[in-house]
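One file, entry28.cif, is given below (mmCIF, C-alpha atoms).
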```
data_coords
loop_
_atom_site.label_atom_id
_atom_site.label_comp_id
_atom_site.auth_asym_id
_atom_site.auth_seq_id
_atom_site.Cartn_x
_atom_site.Cartn_y
_atom_site.Cartn_z
CA MET A 1 -4.04 58.20 13.38
CA THR A 2 -2.21 58.83 16.64
CA GLY A 3 -3.31 59.33 20.22
CA SER A 4 -5.43 57.10 22.36
CA ALA A 5 -8.17 56.54 19.76
CA GLY A 6 -5.51 55.40 17.30
CA LEU A 7 -4.06 52.99 19.82
CA THR A 8 -7.50 51.59 20.60
CA ARG A 9 -8.15 51.09 16.90
CA ALA A 10 -4.79 49.50 16.22
CA THR A 11 -5.13 47.04 19.13
CA LEU A 12 -8.70 46.21 18.22
CA LEU A 13 -7.78 45.55 14.59
CA LYS A 14 -4.85 43.42 15.66
CA ASP A 15 -7.07 41.34 17.94
CA LEU A 16 -9.72 40.96 15.27
CA ARG A 17 -7.13 39.88 12.73
CA LEU A 18 -5.66 37.34 15.17
CA GLU A 19 -9.12 36.01 15.90
CA TRP A 20 -10.06 35.92 12.22
CA ARG A 21 -7.01 33.82 11.46
CA SER A 22 -7.19 31.42 14.38
CA LYS A 23 -10.90 31.58 15.32
CA ASP A 24 -9.90 30.05 18.66
CA ALA A 25 -12.19 32.02 20.94
CA THR A 26 -15.20 32.06 18.61
CA ASN A 27 -15.12 28.33 17.92
CA ALA A 28 -14.67 27.41 21.56
CA MET A 29 -17.44 29.80 22.67
CA LEU A 30 -19.90 28.64 20.02
CA PHE A 31 -19.40 24.99 20.74
CA PHE A 32 -19.56 25.55 24.47
CA ALA A 33 -22.81 27.54 24.22
CA LEU A 34 -24.27 24.88 21.92
CA LEU A 35 -23.46 22.21 24.50
CA VAL A 36 -25.08 24.23 27.27
CA VAL A 37 -28.25 24.70 25.19
CA VAL A 38 -28.50 20.98 24.39
CA ILE A 39 -27.78 19.87 27.96
CA PHE A 40 -30.29 22.34 29.39
CA SER A 41 -32.99 21.09 27.05
CA PHE A 42 -32.31 17.48 28.14
CA SER A 43 -32.40 18.35 31.81
CA PHE A 44 -35.60 20.44 31.68
CA ASP A 45 -37.55 19.14 28.66
CA PRO A 46 -39.85 22.18 28.66
CA THR A 47 -43.09 22.81 26.79
CA ALA A 48 -43.37 25.96 24.66
CA GLU A 49 -45.17 27.81 27.44
CA GLU A 50 -42.64 26.85 30.08
CA SER A 51 -39.67 27.52 27.88
CA ARG A 52 -40.86 31.06 27.28
CA ARG A 53 -40.63 31.63 31.02
CA ILE A 54 -37.26 29.97 31.60
CA ALA A 55 -35.60 30.89 28.30
CA GLY A 56 -34.31 34.24 29.59
CA GLY A 57 -32.41 32.49 32.35
CA LEU A 58 -31.10 29.65 30.18
CA ILE A 59 -29.90 31.83 27.35
CA TRP A 60 -28.04 34.29 29.55
CA VAL A 61 -26.43 31.62 31.68
CA ALA A 62 -25.25 29.95 28.47
CA PHE A 63 -23.82 33.25 27.20
CA LEU A 64 -22.23 34.04 30.55
CA PHE A 65 -20.43 30.71 30.71
CA ALA A 66 -19.43 30.86 27.07
CA SER A 67 -18.11 34.41 27.26
CA VAL A 68 -15.70 33.37 30.02
CA VAL A 69 -13.89 31.36 27.34
CA ALA A 70 -13.25 34.48 25.26
CA LEU A 71 -12.52 36.66 28.28
CA ASN A 72 -9.85 34.29 29.53
CA GLN A 73 -8.01 34.58 26.24
CA THR A 74 -8.12 38.38 26.21
CA TRP A 75 -4.93 38.95 28.13
CA ALA A 76 -3.45 35.46 28.05
CA ARG A 77 -2.80 36.14 24.37
CA GLU A 78 -0.55 39.06 25.32
CA LEU A 79 1.61 36.99 27.65
CA ARG A 80 3.38 35.24 24.78
CA ASN A 81 6.58 37.08 23.82
CA GLN A 82 6.10 39.43 26.80
CA VAL A 83 3.74 41.67 24.86
CA LEU A 84 2.00 42.73 28.05
CA ASP A 85 5.30 43.84 29.58
CA ALA A 86 5.95 45.88 26.47
CA TYR A 87 2.56 47.55 26.91
CA ARG A 88 3.46 48.28 30.50
CA VAL A 89 6.69 50.07 29.73
CA SER A 90 5.29 51.89 26.71
CA PRO A 91 3.92 55.41 27.27
CA ALA A 92 0.61 54.42 25.65
CA PRO A 93 -2.45 55.25 27.78
CA PRO A 94 -3.62 52.00 29.47
CA ASN A 95 -7.29 52.89 29.10
CA SER A 96 -7.15 52.85 25.31
CA LEU A 97 -5.70 49.36 25.50
CA PHE A 98 -8.48 48.37 27.91
CA LEU A 99 -11.18 49.82 25.68
CA ALA A 100 -9.77 47.99 22.66
CA LYS A 101 -10.01 44.72 24.56
CA VAL A 102 -13.57 45.50 25.71
CA PHE A 103 -14.69 46.36 22.16
CA GLY A 104 -13.05 43.17 20.87
CA ASN A 105 -14.78 41.00 23.45
CA PHE A 106 -18.04 42.81 22.84
CA LEU A 107 -17.81 41.91 19.15
CA PHE A 108 -16.95 38.27 19.88
CA VAL A 109 -19.82 37.81 22.32
CA THR A 110 -22.23 39.66 20.01
CA VAL A 111 -21.32 37.29 17.17
CA LEU A 112 -21.91 34.39 19.53
CA GLU A 113 -25.32 35.76 20.48
CA ALA A 114 -26.30 36.46 16.90
CA LEU A 115 -25.50 32.89 15.90
CA MET A 116 -26.89 31.16 18.99
CA THR A 117 -30.17 33.03 19.45
CA PRO A 118 -31.85 31.62 16.29
CA LEU A 119 -30.72 28.15 17.27
CA PHE A 120 -32.07 28.69 20.72
CA ALA A 121 -35.39 29.87 19.32
CA VAL A 122 -35.62 26.72 17.18
CA PHE A 123 -34.70 24.28 19.95
CA TYR A 124 -37.05 25.81 22.50
CA ASN A 125 -39.92 26.86 20.19
CA LEU A 126 -39.56 30.48 21.26
CA ARG A 127 -41.66 33.36 20.02
CA ALA A 128 -41.69 36.68 21.81
CA ILE A 129 -45.11 37.89 22.92
CA GLY A 130 -43.85 41.31 24.04
CA PRO A 131 -42.05 43.84 21.80
CA ALA A 132 -39.16 41.79 20.36
CA TYR A 133 -37.05 44.77 19.19
CA GLN A 134 -36.41 45.55 22.87
CA LEU A 135 -34.43 42.31 23.06
CA LEU A 136 -31.75 44.03 20.98
CA VAL A 137 -31.42 46.80 23.58
CA VAL A 138 -31.26 44.28 26.43
CA ALA A 139 -28.71 42.16 24.55
CA GLY A 140 -26.47 45.15 23.86
CA LEU A 141 -26.57 46.47 27.41
CA GLY A 142 -26.23 43.01 28.93
CA THR A 143 -23.30 42.05 26.74
CA TRP A 144 -21.53 45.28 27.62
CA ALA A 145 -22.11 44.58 31.32
CA LEU A 146 -20.56 41.13 30.95
CA VAL A 147 -17.55 42.12 28.89
CA VAL A 148 -16.57 45.36 30.62
CA ASN A 149 -16.30 43.65 33.99
CA GLY A 150 -15.06 40.44 32.43
CA THR A 151 -12.18 42.19 30.68
CA PHE A 152 -11.25 43.98 33.89
CA PHE A 153 -11.35 40.84 36.01
CA ALA A 154 -9.48 38.88 33.35
CA ALA A 155 -6.66 41.38 33.81
CA ILE A 156 -6.81 40.70 37.56
CA SER A 157 -7.03 36.91 37.32
CA LEU A 158 -4.12 36.90 34.89
CA ARG A 159 -1.90 37.80 37.84
CA THR A 160 -3.01 34.89 40.02
CA ARG A 161 -2.11 31.24 40.15
CA SER A 162 -4.65 29.05 38.29
CA ARG A 163 -5.85 32.09 36.37
CA GLU A 164 -8.51 30.39 34.25
CA ILE A 165 -10.43 29.24 37.33
CA MET A 166 -10.11 32.59 39.05
CA LEU A 167 -11.97 34.66 36.42
CA PRO A 168 -15.48 33.18 36.93
CA LEU A 169 -14.96 33.18 40.71
CA LEU A 170 -14.38 36.94 40.62
CA LEU A 171 -16.76 37.82 37.80
CA PHE A 172 -19.92 35.92 38.73
CA PRO A 173 -20.59 37.40 42.22
CA ILE A 174 -20.16 40.96 40.95
CA SER A 175 -22.31 40.22 37.88
CA ILE A 176 -25.32 38.99 39.86
CA PRO A 177 -27.37 42.22 39.59
CA ALA A 178 -26.58 42.52 35.87
CA LEU A 179 -27.46 38.90 35.26
CA LEU A 180 -30.69 39.28 37.20
CA ALA A 181 -31.56 42.35 35.14
CA MET A 182 -30.80 40.64 31.81
CA VAL A 183 -32.77 37.53 32.72
CA GLU A 184 -35.77 39.44 34.05
CA ALA A 185 -35.82 41.88 31.12
CA THR A 186 -35.63 39.03 28.62
CA SER A 187 -38.40 37.09 30.38
CA ALA A 188 -40.51 40.24 30.52
CA ILE A 189 -40.21 40.71 26.76
CA LEU A 190 -40.69 37.04 25.88
CA THR A 191 -43.78 36.54 28.03
CA GLY A 192 -45.13 40.07 27.52
CA GLU A 193 -46.50 39.92 31.04
CA PHE A 194 -44.71 42.90 32.54
CA SER A 195 -42.58 45.86 31.50
CA ALA A 196 -38.82 45.55 31.15
CA LYS A 197 -38.26 49.24 31.89
CA PHE A 198 -36.91 48.93 35.45
CA TRP A 199 -34.43 46.26 34.42
CA VAL A 200 -33.21 48.24 31.41
CA VAL A 201 -32.61 51.26 33.64
CA LEU A 202 -30.76 49.04 36.10
CA LEU A 203 -28.59 47.66 33.29
CA VAL A 204 -27.77 51.17 32.05
CA THR A 205 -26.76 52.16 35.60
CA TYR A 206 -24.67 49.02 36.03
CA ASP A 207 -22.91 49.64 32.70
CA LEU A 208 -22.16 53.26 33.54
CA VAL A 209 -20.91 52.56 37.07
CA PHE A 210 -18.61 49.72 36.13
CA THR A 211 -17.32 51.25 32.91
CA MET A 212 -16.23 54.29 34.90
CA ALA A 213 -14.79 52.17 37.72
CA SER A 214 -12.84 50.01 35.25
CA LEU A 215 -11.44 53.02 33.42
CA PHE A 216 -10.52 54.57 36.72
CA LEU A 217 -8.76 51.52 38.15
CA PHE A 218 -7.35 49.73 35.11
CA GLU A 219 -4.09 51.65 35.07
CA ARG A 220 -3.39 50.66 38.68
CA VAL A 221 -4.16 47.02 37.95
CA LEU A 222 -2.00 46.96 34.82
CA HIS A 223 0.93 48.54 36.61
CA ALA A 224 0.55 46.60 39.85
CA GLU A 225 3.92 45.21 40.85
CA MET B 1 -1.00 48.07 72.29
CA LYS B 2 0.53 44.82 73.58
CA ARG B 3 -0.46 45.59 77.15
CA ALA B 4 -3.89 46.88 76.25
CA PHE B 5 -4.80 43.70 74.38
CA PRO B 6 -5.32 41.35 77.40
CA ILE B 7 -7.25 44.04 79.28
CA PHE B 8 -9.48 44.57 76.26
CA ALA B 9 -9.89 40.80 75.91
CA VAL B 10 -11.06 40.44 79.53
CA LEU B 11 -13.44 43.37 79.12
CA THR B 12 -14.85 41.84 75.93
CA ALA B 13 -15.38 38.47 77.59
CA ALA B 14 -17.21 40.14 80.48
CA LEU B 15 -19.36 42.14 78.06
CA LEU B 16 -20.21 39.05 76.02
CA ALA B 17 -21.14 37.10 79.14
CA TYR B 18 -23.29 39.94 80.45
CA GLY B 19 -24.88 40.31 77.02
CA LEU B 20 -25.70 36.60 76.91
CA TYR B 21 -27.24 36.74 80.38
CA GLN B 22 -29.32 39.77 79.44
CA ALA B 23 -30.44 38.24 76.15
CA LEU B 24 -31.46 34.85 77.55
CA TRP B 25 -32.84 35.70 81.01
CA VAL B 26 -33.47 39.40 81.46
CA ALA B 27 -34.98 40.51 78.15
CA PRO B 28 -38.79 40.10 78.09
CA THR B 29 -40.28 37.31 76.01
CA ASP B 30 -41.84 38.35 72.73
CA ARG B 31 -45.64 38.31 72.81
CA LEU B 32 -46.05 36.70 69.39
CA GLN B 33 -42.93 34.61 68.82
CA GLY B 34 -42.09 33.42 72.33
CA ASP B 35 -38.51 32.63 73.22
CA VAL B 36 -37.48 31.90 69.64
CA TYR B 37 -37.10 35.60 68.97
CA ARG B 38 -34.08 35.81 71.31
CA ILE B 39 -31.81 34.78 68.45
CA ILE B 40 -32.16 38.31 67.09
CA TYR B 41 -29.85 39.42 69.89
CA TYR B 42 -27.17 37.56 67.96
CA HIS B 43 -28.47 37.94 64.44
CA VAL B 44 -28.89 41.70 64.27
CA PRO B 45 -25.77 42.72 66.25
CA SER B 46 -23.75 40.37 64.00
CA ALA B 47 -25.18 42.07 60.95
CA TRP B 48 -24.27 45.53 62.25
CA THR B 49 -20.77 44.39 63.16
CA MET B 50 -20.41 42.82 59.72
CA PHE B 51 -21.36 46.09 58.02
CA SER B 52 -18.90 48.06 60.13
CA PHE B 53 -16.04 45.77 59.12
CA PHE B 54 -16.96 45.75 55.44
CA ALA B 55 -17.12 49.55 55.54
CA LEU B 56 -13.67 49.55 57.13
CA ASN B 57 -12.45 47.26 54.36
CA PHE B 58 -13.82 49.61 51.70
CA VAL B 59 -12.23 52.69 53.26
CA SER B 60 -8.85 51.05 53.80
CA SER B 61 -8.88 49.65 50.24
CA ILE B 62 -9.35 53.16 48.87
CA VAL B 63 -6.64 54.48 51.17
CA TYR B 64 -4.35 51.73 49.91
CA LEU B 65 -5.07 52.56 46.27
CA ILE B 66 -4.18 56.20 46.89
CA ARG B 67 -1.33 55.99 49.38
CA ARG B 68 0.05 52.47 48.78
CA ASN B 69 0.55 52.12 52.50
CA PRO B 70 1.02 48.43 53.49
CA ARG B 71 -0.65 49.13 56.85
CA ALA B 72 -3.85 50.03 55.00
CA ASP B 73 -3.68 46.69 53.23
CA ALA B 74 -3.26 44.92 56.57
CA VAL B 75 -6.40 46.69 57.82
CA ALA B 76 -8.21 45.65 54.62
CA VAL B 77 -7.41 41.95 54.90
CA ALA B 78 -8.10 41.77 58.64
CA SER B 79 -11.43 43.58 58.35
CA ALA B 80 -12.53 41.47 55.36
CA GLU B 81 -11.85 38.24 57.23
CA VAL B 82 -13.64 39.34 60.39
CA GLY B 83 -16.50 40.67 58.25
CA VAL B 84 -16.89 37.34 56.46
CA VAL B 85 -17.04 35.52 59.81
CA PHE B 86 -19.83 37.78 61.07
CA ASN B 87 -21.54 37.53 57.69
CA THR B 88 -21.54 33.74 58.08
CA VAL B 89 -23.03 34.08 61.56
CA VAL B 90 -25.82 36.24 60.10
CA LEU B 91 -26.48 33.73 57.33
CA VAL B 92 -26.62 30.81 59.78
CA THR B 93 -28.70 32.41 62.53
CA GLY B 94 -31.20 33.83 60.03
CA PRO B 95 -32.52 30.45 58.81
CA LEU B 96 -32.45 29.06 62.38
CA TRP B 97 -34.93 31.77 63.31
CA ALA B 98 -36.88 31.64 60.05
CA ARG B 99 -37.70 27.93 60.27
CA PRO B 100 -39.95 28.11 63.37
CA VAL B 101 -41.31 31.60 62.68
CA TRP B 102 -41.82 31.66 58.90
CA GLY B 103 -41.98 27.88 58.46
CA ILE B 104 -39.16 27.88 55.90
CA TRP B 105 -35.39 27.90 56.20
CA TRP B 106 -34.70 30.22 53.35
CA THR B 107 -36.50 32.60 51.04
CA TRP B 108 -35.06 34.71 48.24
CA ASP B 109 -36.17 37.99 49.72
CA ILE B 110 -34.20 41.18 49.52
CA ARG B 111 -32.16 41.20 52.69
CA LEU B 112 -31.37 37.50 52.76
CA THR B 113 -30.33 37.51 49.14
CA SER B 114 -28.25 40.65 49.33
CA THR B 115 -26.51 39.37 52.46
CA LEU B 116 -25.73 36.17 50.61
CA VAL B 117 -24.38 38.10 47.62
CA LEU B 118 -22.28 40.22 49.97
CA TRP B 119 -20.87 37.01 51.40
CA LEU B 120 -20.12 35.68 47.91
CA ILE B 121 -18.34 38.89 46.91
CA TYR B 122 -16.16 38.92 50.00
CA VAL B 123 -15.35 35.22 49.77
CA SER B 124 -14.19 35.86 46.20
CA TYR B 125 -12.11 38.74 47.60
CA LEU B 126 -10.44 36.39 50.10
CA LEU B 127 -9.93 33.78 47.36
CA LEU B 128 -8.22 36.37 45.20
CA ARG B 129 -5.89 37.22 48.06
CA ARG B 130 -5.12 33.56 48.56
CA PHE B 131 -4.48 32.81 44.90
CA SER B 132 -2.22 35.74 44.14
CA SER B 133 1.08 36.64 45.66
CA GLY B 134 3.74 39.30 45.70
CA GLY B 135 3.43 43.05 45.71
CA GLN B 136 0.67 43.12 43.09
CA MET B 137 -1.83 41.25 45.24
CA PRO B 138 -2.88 44.17 47.51
CA VAL B 139 -3.61 46.38 44.49
CA LEU B 140 -5.73 43.71 42.80
CA ALA B 141 -7.57 42.98 46.03
CA ALA B 142 -8.23 46.67 46.68
CA ALA B 143 -9.62 47.08 43.15
CA LEU B 144 -11.94 44.13 43.72
CA ALA B 145 -13.06 45.57 47.07
CA VAL B 146 -14.01 48.83 45.37
CA PHE B 147 -15.94 46.91 42.71
CA GLY B 148 -17.74 44.94 45.40
CA ALA B 149 -18.72 48.07 47.27
CA LEU B 150 -20.04 49.68 44.06
CA ASP B 151 -21.99 46.52 43.34
CA MET B 152 -23.88 46.38 46.62
CA PRO B 153 -26.41 49.20 45.93
CA LEU B 154 -27.15 47.60 42.54
CA VAL B 155 -27.60 44.20 44.18
CA TYR B 156 -29.94 45.76 46.69
CA PHE B 157 -32.09 47.55 44.11
CA SER B 158 -32.23 44.58 41.77
CA ILE B 159 -33.49 42.27 44.50
CA TRP B 160 -35.72 44.99 45.90
CA PHE B 161 -37.94 44.31 42.91
CA PHE B 162 -38.88 40.98 44.41
CA ARG B 163 -41.27 41.40 47.31
CA THR B 164 -39.78 41.22 50.77
CA GLN B 165 -40.79 38.82 53.50
CA HIS B 166 -38.17 39.87 56.03
CA PRO B 167 -39.50 41.77 59.08
CA GLN B 168 -39.17 45.49 58.48
CA PRO B 169 -36.43 47.25 60.42
CA VAL B 170 -37.70 48.06 63.87
CA ILE B 171 -35.14 50.72 64.67
CA GLY B 172 -35.86 53.98 62.93
CA GLY B 173 -38.61 52.28 60.93
CA GLY B 174 -41.49 53.56 63.06
CA GLY B 175 -42.17 50.12 64.60
CA SER B 176 -42.61 49.63 68.31
CA ILE B 177 -40.13 47.79 70.49
CA ASP B 178 -39.92 47.33 74.24
CA PRO B 179 -37.19 49.73 75.51
CA ARG B 180 -35.72 46.87 77.55
CA MET B 181 -35.32 44.82 74.37
CA LEU B 182 -33.61 47.74 72.69
CA GLN B 183 -31.19 48.05 75.61
CA VAL B 184 -30.23 44.38 75.42
CA TRP B 185 -29.88 44.71 71.68
CA LEU B 186 -27.50 47.64 71.92
CA LEU B 187 -25.55 45.93 74.70
CA ASN B 188 -25.05 42.85 72.55
CA TRP B 189 -24.06 44.98 69.61
CA ILE B 190 -21.35 46.68 71.66
CA ALA B 191 -20.16 43.29 72.93
CA PHE B 192 -20.03 41.84 69.41
CA GLN B 193 -18.30 44.93 68.07
CA CYS B 194 -15.68 44.66 70.82
CA PHE B 195 -15.21 40.97 70.08
CA GLY B 196 -14.83 41.75 66.39
CA LEU B 197 -12.30 44.49 67.14
CA LEU B 198 -10.37 42.12 69.38
CA VAL B 199 -10.04 39.48 66.66
CA PHE B 200 -9.36 42.23 64.14
CA ALA B 201 -6.51 43.64 66.24
CA ALA B 202 -4.90 40.21 66.56
CA ARG B 203 -5.25 39.54 62.83
CA TYR B 204 -3.92 43.00 61.98
CA ARG B 205 -0.82 42.46 64.09
CA LEU B 206 -0.24 39.08 62.48
CA GLU B 207 -0.51 40.63 59.02
CA VAL B 208 1.88 43.45 59.88
CA LEU B 209 4.35 40.92 61.29
CA SER B 210 4.19 38.76 58.18
CA GLN B 211 4.69 41.87 56.04
CA GLU B 212 7.82 42.66 58.06
CA VAL B 213 9.10 39.10 57.74
CA GLU B 214 8.60 39.24 53.99
CA GLU B 215 10.45 42.53 53.76
CA MET B 216 13.28 41.13 55.81
CA GLN B 217 13.56 38.02 53.65
CA ALA B 218 13.60 40.13 50.51
CA LEU B 219 16.32 42.29 52.01
CA GLU B 220 18.38 39.29 53.10
CA SER B 221 18.23 37.64 49.71
CA LEU B 222 19.35 40.93 48.15
CA LEU B 223 22.32 41.10 50.52
CA GLU B 224 23.22 37.48 49.82
CA VAL B 225 23.31 38.12 46.09
CA ARG B 226 25.61 41.06 46.69
CA GLY B 227 27.84 39.13 49.10
CA SER B 228 28.35 36.19 46.75
CA ARG B 229 29.68 38.43 44.01
#
```
Encoded form (structure tokens):
Amino acid sequence: MTGSAGLTRATLLKDLRLEWRSKDATNAMLFFALLVVVIFSFSFDPTAEESRRIAGGLIWVAFLFASVVALNQTWARELRNQVLDAYRVSPAPPNSLFLAKVFGNFLFVTVLEALMTPLFAVFYNLRAIGPAYQLLVVAGLGTWALVVNGTFFAAISLRTRSREIMLPLLLFPISIPALLAMVEATSAILTGEFSAKFWVVLLVTYDLVFTMASLFLFERVLHAE
Amino acid sequence: MKRAFPIFAVLTAALLAYGLYQALWVAPTDRLQGDVYRIIYYHVPSAWTMFSFFALNFVSSIVYLIRRNPRADAVAVASAEVGVVFNTVVLVTGPLWARPVWGIWWTWDIRLTSTLVLWLIYVSYLLLRRFSSGGQMPVLAAALAVFGALDMPLVYFSIWFFRTQHPQPVIGGGGSIDPRMLQVWLLNWIAFQCFGLLVFAARYRLEVLSQEVEEMQALESLLEVRGSR
């Protein structure tokens, strides 16, 4: 296994193994998302009908905030022992490294969503009126939108002072259309009142545009001196 | 450039004063809204000026990513700052007009919301520049500027799905406008654009100077290290 696919696989496996042994990011994300869910339910105290309408917003905001925890660790982990500098001087293609990080974060956030969504449904008495299988599509596209930009901006904020604060400040404004699309698509499916098609198309466009932009610019960001 | 600056400044001041006079006294009063409407002579020209500077920021960011020319980065930072100022003017004058005419300060309609998001993106751009240092900062900032520019059409289409309450564009939109109003509008736009360019030129020169100072300091510290050996 050589070449860029091999490098992607090796880095991804290394990250997964590190995470499996420490479980730092997963634990922190899960607990953080749990806290958000509980605090939201105290501050809104919704009925079943209301919660169906606001759940899309609550759940995605919880995931967005929680995923920042994992995203911040993406590159910070490579600072120890100057691993990132080693990457920089190595002839390995930067994009395969970037993709490995994106796949890793995608897996972490997907695990978070898989564990939190049932809990969310229990706490808020949720039951989808529209076609529930579409939620899987929205979740996949939405998670990709969050992590592809998040991984890119984590690489940027790594180079700044107070890097952990910087990531959400950069990521959230750019993510507004994606977040809007995720929230609206989820609400559309949960309430069954309107079609989620426009929002899914928007998410696909967002994913394509920013995946290409990240792949195009990541090398410059990694090698910025 | 040094000699042209004061002349340009005087011209801009004259244009702004003439524009103000035209907007407040000469332009005819709107039949439906009365005198309140006159704020559009500031609101709309500010918006156009804002777009021109953000476009300049986008172009110079791309030029910087390709050529790595520090002058392009100076253009990028100066245009982003001036753009954010005009963006703020747009966001402040909009609600001032909306309150008497629509009865509300703010509504989440397409143009208001996308202007606000544009403001957020560029403020985060300026924050990034402030929080990072050294030679890497221009590259990171330019990458963010490209991301922001790619984001804007998506922002626009996503919010377009909510119904709009903002008055439809009158220019090129098939609406009717008194030609005298249009004249005053264009005059104010030119005045604002000149004012923006004036501030931009000053900020650009400052940035170039600080780049030169930094270079000089780097060079001096290099020489010192060599001399002490």
A straight line from CA of Leu7 in chain A to CA of Pro138 in chain B spans 29.1 Å
Taken to one decimal, the CA of Glu50 in chain A-CA of Thr117 in chain A distance is 17.5 Å
Ile176 in chain A proximity check over B:Pro179, B:Gly148, B:Gly19, B:Gly103, using only C-alpha atoms: winner is B:Gly148
Kindly assemble as CSV a list of the chain A residues that lie within 10 Å of chain B, each paired with its nearest atom pair and their distance in Å to one decimal, using all atoms listed in the file, sorted first by chain and then by ascending residue number.
```
residue,atom,partner,partner_atom,distance
A:Asn149,CA,B:Phe147,CA,9.3
A:Phe152,CA,B:Leu144,CA,9.9
A:Phe153,CA,B:Leu144,CA,8.4
A:Ala155,CA,B:Leu140,CA,9.3
A:Ile156,CA,B:Leu140,CA,6.1
A:Ser157,CA,B:Leu128,CA,8.0
A:Leu158,CA,B:Ser132,CA,9.5
A:Arg159,CA,B:Ser132,CA,6.6
A:Thr160,CA,B:Ser132,CA,4.3
A:Arg161,CA,B:Phe131,CA,5.5
A:Ser162,CA,B:Phe131,CA,7.6
A:Arg163,CA,B:Phe131,CA,8.7
A:Met166,CA,B:Leu128,CA,7.5
A:Leu167,CA,B:Leu128,CA,9.7
A:Pro168,CA,B:Ser124,CA,9.7
A:Leu169,CA,B:Ser124,CA,6.2
A:Leu170,CA,B:Ser124,CA,5.7
A:Leu171,CA,B:Ser124,CA,9.0
A:Phe172,CA,B:Ile121,CA,8.8
A:Pro173,CA,B:Ile121,CA,5.4
A:Ile174,CA,B:Asp151,CA,6.3
A:Ser175,CA,B:Asp151,CA,8.3
A:Ile176,CA,B:Val155,CA,7.1
A:Pro177,CA,B:Val155,CA,5.0
A:Ala178,CA,B:Leu154,CA,8.4
A:Leu179,CA,B:Ser158,CA,9.9
A:Leu180,CA,B:Ser158,CA,7.2
A:Ala181,CA,B:Ser158,CA,7.0
A:Glu184,CA,B:Ser158,CA,9.9
A:Phe198,CA,B:Phe161,CA,8.8
A:Trp199,CA,B:Ser158,CA,7.9
A:Leu202,CA,B:Ser158,CA,7.4
A:Leu203,CA,B:Leu154,CA,9.4
A:Thr205,CA,B:Leu154,CA,8.3
A:Tyr206,CA,B:Leu154,CA,7.1
A:Val209,CA,B:Leu150,CA,7.6
A:Phe210,CA,B:Phe147,CA,7.6
A:Ala213,CA,B:Phe147,CA,7.3
A:Ser214,CA,B:Phe147,CA,8.7
A:Phe216,CA,B:Ala143,CA,9.9
A:Leu217,CA,B:Ala143,CA,6.7
A:Phe218,CA,B:Ala143,CA,8.8
A:Arg220,CA,B:Val139,CA,7.2
A:Val221,CA,B:Leu140,CA,6.1
A:Leu222,CA,B:Leu140,CA,9.4
A:His223,CA,B:Gln136,CA,8.5
A:Ala224,CA,B:Gln136,CA,4.8
A:Glu225,CA,B:Gln136,CA,4.5
```
Exercise. Leu119 in chain A: which residues within 12 Å, counting only C-alpha atoms, same-chain residues fewer than 2 positions away excluded, as a VMD selection string?
Worked result: chain A and resid 30 33 to 35 37 to 38 59 112 to 117 121 to 126
Output the selection as a PDB file, in the coordinates of the input - C-alpha atoms for each residue.
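Written file, out.pdb:
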```pdb
ATOM      1  CA  LEU A  30     -19.900  28.640  20.020  1.00  0.00           C
ATOM      2  CA  ALA A  33     -22.810  27.540  24.220  1.00  0.00           C
ATOM      3  CA  LEU A  34     -24.270  24.880  21.920  1.00  0.00           C
ATOM      4  CA  LEU A  35     -23.460  22.210  24.500  1.00  0.00           C
ATOM      5  CA  VAL A  37     -28.250  24.700  25.190  1.00  0.00           C
ATOM      6  CA  VAL A  38     -28.500  20.980  24.390  1.00  0.00           C
ATOM      7  CA  ILE A  59     -29.900  31.830  27.350  1.00  0.00           C
ATOM      8  CA  LEU A 112     -21.910  34.390  19.530  1.00  0.00           C
ATOM      9  CA  GLU A 113     -25.320  35.760  20.480  1.00  0.00           C
ATOM     10  CA  ALA A 114     -26.300  36.460  16.900  1.00  0.00           C
ATOM     11  CA  LEU A 115     -25.500  32.890  15.900  1.00  0.00           C
ATOM     12  CA  MET A 116     -26.890  31.160  18.990  1.00  0.00           C
ATOM     13  CA  THR A 117     -30.170  33.030  19.450  1.00  0.00           C
ATOM     14  CA  ALA A 121     -35.390  29.870  19.320  1.00  0.00           C
ATOM     15  CA  VAL A 122     -35.620  26.720  17.180  1.00  0.00           C
ATOM     16  CA  PHE A 123     -34.700  24.280  19.950  1.00  0.00           C
ATOM     17  CA  TYR A 124     -37.050  25.810  22.500  1.00  0.00           C
ATOM     18  CA  ASN A 125     -39.920  26.860  20.190  1.00  0.00           C
ATOM     19  CA  LEU A 126     -39.560  30.480  21.260  1.00  0.00           C
TER      20      LEU A 126
END
```
- Calculate how many Å separate CA of Val101 in chain B from CA of Ile39 in chain B, rounding to one decimal.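 CA of Ile39 in chain B lies at a distance of 11.6 Å from CA of Val101 in chain B.
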* To do: Could you list the residues chosen by the PyMOL selection byres ((chain B and resi 5) around 12) in this structure as a ChimeraX atom specification?
  => /B:1-4,6-12,194-195,197-202,205
Applying 9 Å and only C-alpha atoms, which residues near Ala66 in chain A remain after dropping the ones on its own chain fewer than 4 positions away? List them as a JSON list (two decimals) with C-alpha atoms, in the frame of the given file.
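Produced file around_10.json, reproduced below:
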```json
[["chain", "number", "residue", "atom", "x", "y", "z"],
["A", 28, "ALA", "CA", -14.67, 27.41, 21.56],
["A", 29, "MET", "CA", -17.44, 29.80, 22.67],
["A", 30, "LEU", "CA", -19.90, 28.64, 20.02],
["A", 31, "PHE", "CA", -19.40, 24.99, 20.74],
["A", 32, "PHE", "CA", -19.56, 25.55, 24.47],
["A", 33, "ALA", "CA", -22.81, 27.54, 24.22],
["A", 36, "VAL", "CA", -25.08, 24.23, 27.27],
["A", 61, "VAL", "CA", -26.43, 31.62, 31.68],
["A", 62, "ALA", "CA", -25.25, 29.95, 28.47],
["A", 70, "ALA", "CA", -13.25, 34.48, 25.26],
["A", 109, "VAL", "CA", -19.82, 37.81, 22.32],
["A", 112, "LEU", "CA", -21.91, 34.39, 19.53]]
```
